[in-house]
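K.L.:
Got input_10.pdb for you, PDB, C-alpha atoms:
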MODEL        1
ATOM      1  CA  MET A   1      85.242  77.684  87.207
ATOM      2  CA  PRO A   2      87.837  75.175  85.980
ATOM      3  CA  GLU A   3      86.465  72.426  83.765
ATOM      4  CA  SER A   4      88.134  69.829  86.000
ATOM      5  CA  LEU A   5      85.493  70.404  88.715
ATOM      6  CA  PRO A   6      82.130  69.684  87.047
ATOM      7  CA  PRO A   7      80.585  67.847  90.057
ATOM      8  CA  PHE A   8      80.960  71.034  92.069
ATOM      9  CA  LYS A   9      79.532  73.345  89.419
ATOM     10  CA  VAL A  10      75.933  73.111  90.651
ATOM     11  CA  ILE A  11      76.964  73.607  94.286
ATOM     12  CA  TYR A  12      79.135  76.586  93.335
ATOM     13  CA  GLN A  13      76.307  78.146  91.335
ATOM     14  CA  ALA A  14      73.933  77.716  94.284
ATOM     15  CA  ALA A  15      76.500  79.219  96.677
ATOM     16  CA  TYR A  16      77.110  82.152  94.355
ATOM     17  CA  PHE A  17      73.360  82.730  93.947
ATOM     18  CA  GLN A  18      72.901  82.717  97.733
ATOM     19  CA  TYR A  19      75.814  85.137  98.119
ATOM     20  CA  ARG A  20      74.418  87.528  95.506
ATOM     21  CA  ALA A  21      71.011  87.352  97.226
ATOM     22  CA  GLY A  22      72.580  88.337 100.555
ATOM     23  CA  ALA A  23      71.884  84.957 102.144
ATOM     24  CA  TRP A  24      75.311  84.805 103.776
ATOM     25  CA  GLU A  25      74.669  81.829 106.068
ATOM     26  CA  ALA A  26      73.296  79.660 103.254
ATOM     27  CA  ALA A  27      76.194  80.652 101.015
ATOM     28  CA  LEU A  28      78.679  80.027 103.842
ATOM     29  CA  SER A  29      77.435  76.473 104.288
ATOM     30  CA  LEU A  30      77.851  75.739 100.602
ATOM     31  CA  PHE A  31      81.271  77.367 100.298
ATOM     32  CA  ARG A  32      82.444  75.444 103.376
ATOM     33  CA  LEU A  33      81.298  72.241 101.701
ATOM     34  CA  LEU A  34      83.185  73.216  98.547
ATOM     35  CA  VAL A  35      86.487  74.056 100.285
ATOM     36  CA  THR A  36      86.260  70.832 102.274
ATOM     37  CA  SER A  37      85.605  68.804  99.131
ATOM     38  CA  ALA A  38      88.132  70.574  96.894
ATOM     39  CA  PRO A  39      90.611  72.383  99.148
ATOM     40  CA  LEU A  40      93.000  73.253  96.325
ATOM     41  CA  GLU A  41      90.442  75.280  94.362
ATOM     42  CA  SER A  42      91.157  78.980  94.813
ATOM     43  CA  LEU A  43      87.716  80.043  93.594
ATOM     44  CA  PHE A  44      86.005  78.202  96.450
ATOM     45  CA  TRP A  45      88.238  79.883  99.035
ATOM     46  CA  PHE A  46      87.515  83.202  97.342
ATOM     47  CA  GLY A  47      83.784  82.636  97.772
ATOM     48  CA  LEU A  48      84.227  81.585 101.387
ATOM     49  CA  GLY A  49      86.325  84.675 102.083
ATOM     50  CA  ALA A  50      83.695  86.924 100.553
ATOM     51  CA  CYS A  51      80.880  85.352 102.599
ATOM     52  CA  LEU A  52      82.824  85.550 105.830
ATOM     53  CA  GLN A  53      83.778  89.160 105.155
ATOM     54  CA  GLN A  54      80.161  90.102 104.444
ATOM     55  CA  SER A  55      79.234  88.379 107.707
ATOM     56  CA  ARG A  56      81.849  90.545 109.466
ATOM     57  CA  GLN A  57      83.886  87.490 110.464
ATOM     58  CA  PHE A  58      87.092  89.263 109.537
ATOM     59  CA  GLU A  59      89.646  86.934 111.145
ATOM     60  CA  ASN A  60      88.176  83.847 109.458
ATOM     61  CA  SER A  61      87.709  85.753 106.240
ATOM     62  CA  LEU A  62      91.382  86.724 106.286
ATOM     63  CA  LYS A  63      92.310  83.038 106.504
ATOM     64  CA  ALA A  64      90.126  82.221 103.495
ATOM     65  CA  TRP A  65      91.522  85.144 101.470
ATOM     66  CA  THR A  66      95.031  83.967 102.355
ATOM     67  CA  MET A  67      94.275  80.468 101.064
ATOM     68  CA  SER A  68      92.815  81.922  97.866
ATOM     69  CA  ALA A  69      95.948  84.034  97.356
ATOM     70  CA  LEU A  70      98.261  81.085  98.045
ATOM     71  CA  LEU A  71      96.449  78.974  95.475
ATOM     72  CA  ASN A  72      96.201  81.766  92.899
ATOM     73  CA  PRO A  73      98.922  84.335  93.655
ATOM     74  CA  GLU A  74      98.208  86.339  90.498
ATOM     75  CA  ASN A  75      94.712  87.319  91.688
ATOM     76  CA  PRO A  76      94.968  90.837  93.147
ATOM     77  CA  TYR A  77      91.454  90.744  94.595
ATOM     78  CA  ALA A  78      92.345  88.146  97.224
ATOM     79  CA  TYR A  79      95.112  90.439  98.521
ATOM     80  CA  PHE A  80      92.840  93.484  98.325
ATOM     81  CA  HIS A  81      90.007  91.899 100.284
ATOM     82  CA  ALA A  82      92.439  90.416 102.801
ATOM     83  CA  ALA A  83      93.758  93.948 103.326
ATOM     84  CA  GLU A  84      90.198  95.168 103.941
ATOM     85  CA  CYS A  85      89.868  92.527 106.681
ATOM     86  CA  CYS A  86      93.152  93.627 108.204
ATOM     87  CA  LEU A  87      91.952  97.220 108.221
ATOM     88  CA  SER A  88      88.747  96.120 109.939
ATOM     89  CA  THR A  89      90.759  94.435 112.692
ATOM     90  CA  GLY A  90      93.358  97.185 113.077
ATOM     91  CA  GLN A  91      96.240  95.285 111.460
ATOM     92  CA  LEU A  92      97.576  98.290 109.552
ATOM     93  CA  ARG A  93     101.066  97.019 108.773
ATOM     94  CA  GLU A  94      99.715  93.764 107.317
ATOM     95  CA  ALA A  95      97.059  95.684 105.365
ATOM     96  CA  GLY A  96      99.785  97.846 103.860
ATOM     97  CA  LYS A  97     101.767  94.790 102.763
ATOM     98  CA  LEU A  98      98.706  93.142 101.230
ATOM     99  CA  LEU A  99      97.724  96.280  99.332
ATOM    100  CA  SER A 100     101.270  96.535  97.974
ATOM    101  CA  GLN A 101     101.055  92.923  96.807
ATOM    102  CA  ALA A 102      97.702  93.619  95.124
ATOM    103  CA  LEU A 103      99.170  96.649  93.376
ATOM    104  CA  THR A 104     102.140  94.566  92.212
ATOM    105  CA  CYS A 105      99.698  92.112  90.635
ATOM    106  CA  VAL A 106      97.658  94.710  88.758
ATOM    107  CA  GLY A 107     100.050  97.529  87.973
ATOM    108  CA  THR A 108      98.906 101.149  87.971
ATOM    109  CA  ALA A 109      96.712 100.973  84.850
ATOM    110  CA  HIS A 110      94.113  98.639  86.358
ATOM    111  CA  LEU A 111      90.868  99.997  87.831
ATOM    112  CA  LEU A 112      91.612  98.232  91.130
ATOM    113  CA  ALA A 113      94.811 100.285  91.445
ATOM    114  CA  ALA A 114      92.772 103.411  92.210
ATOM    115  CA  ASN A 115      90.938 101.599  95.014
ATOM    116  CA  ILE A 116      94.223 100.293  96.396
ATOM    117  CA  GLU A 117      95.806 103.724  96.383
ATOM    118  CA  CYS A 118      92.690 105.212  97.972
ATOM    119  CA  LEU A 119      92.864 102.755 100.890
ATOM    120  CA  GLN A 120      96.605 103.327 101.260
ATOM    121  CA  THR A 121      96.092 107.083 101.469
ATOM    122  CA  GLN A 122      92.929 106.977 103.592
ATOM    123  CA  HIS A 123      94.572 104.787 106.246
ATOM    124  CA  GLY A 124      98.105 106.224 106.033
ATOM    125  CA  LEU A 125      99.564 102.932 104.840
ATOM    126  CA  LYS A 126     102.216 104.272 102.468
ATOM    127  CA  LYS A 127     104.593 104.478 105.446
ATOM    128  CA  PHE A 128     104.538 100.659 105.621
ATOM    129  CA  LEU A 129     105.796 100.228 102.052
TER
ENDMDL
END
Translate this structure into structure tokens?

P.N.:
Amino acid sequence: MPESLPPFKVIYQAAYFQYRAGAWEAALSLFRLLVTSAPLESLFWFGLGACLQQSRQFENSLKAWTMSALLNPENPYAYFHAAECCLSTGQLREAGKLLSQALTCVGTAHLLAANIECLQTQHGLKKFL
């Protein structure tokens, strides 16, 4: 967490703890508070996206992942998880684009690259590259 956001540190820690404990609704409330209070903080959008995705709210999760990626375009995980949401909602072409973006961020040597390539192959997404 950036040092410029100390007032939110306790709230973020509570949200993260709730998320890790599987208390999605409690975590969602806290992450919503965080993104409302500090809308330019990618980490808060990342947490919101993760909670929404775990709650199977894929369309809303995709929006949160998109915000996280816009605010921190070097983070491949935002693209990867956004692609998972697209796959869950049948948006194959968009999923393919997002996985390609994630792979561009990490290169082929990163552990995430294997997961990206697995999803591309499993869902026949290489045709969208």

K.L.:
Given the file above and the PyMOL selection byres ((chain A and resi 83-98) around 8), which residues are selected, and can you give them as a list in words?

P.N.:
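Taken on the displayed file, the PyMOL selection byres ((chain A and resi 83-98) around 8) yields the residues Gln53, Phe58, Glu59, Ser61, Leu62, Tyr79, Phe80, His81, Ala82, Leu99, Ser100, Gln101, Ala102, Gln120, His123, Leu125, Lys126, Phe128 and Leu129 of chain A.
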
K.L.:
Using all atoms listed in the file, find the one residue out of A:Cys51, A:Ala78, A:Ser42, A:Leu103 that sits nearest to Glu117 in chain A.

P.N.:
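For Glu117 in chain A, the nearest of the candidates is A:Leu103.
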
K.L.:
A:Glu74, A:Ser55, A:Trp45, A:Thr121: which is nearest Gly107 in chain A, counting only C-alpha atoms?

P.N.:
A:Glu74

K.L.:
Find the distance between CA of Leu71 in chain A and CA of Ala38 in chain A and write it in Å to one decimal.

P.N.:
11.9 Å

K.L.:
Check what the PyMOL selection byres ((chain A and resi 14) around 12) selects in the file above and give those residues as number ranges by chain.

P.N.:
A: 8-13, 15-21, 23-24, 26-31, 33-34, 47

K.L.:
CA of Leu48 in chain A and CA of Tyr77 in chain A are how many Å apart?

P.N.:
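Value for the CA of Leu48 in chain A-CA of Tyr77 in chain A distance: 13.5 Å.
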
K.L.:
Report, in Å with one decimal, the straight-line distance from CA of Pro6 in chain A to CA of Trp65 in chain A.

P.N.:
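Atom-to-atom, CA of Pro6 in chain A and CA of Trp65 in chain A are spaced 23.1 Å apart.
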
K.L.:
Point out the residue among A:Pro76, A:Met67, A:Val35, A:Gly22 with the least atom-to-atom distance to His110 in chain A, counting only C-alpha atoms.

P.N.:
A:Pro76

K.L.:
Quick one: of A:Asn115, A:Ser68, A:Thr108, A:Gln122, who's nearest to Leu43 in chain A, counting only C-alpha atoms?

P.N.:
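Going through A:Asn115, A:Ser68, A:Thr108, A:Gln122 one by one, the smallest distance to Leu43 in chain A is for A:Ser68.
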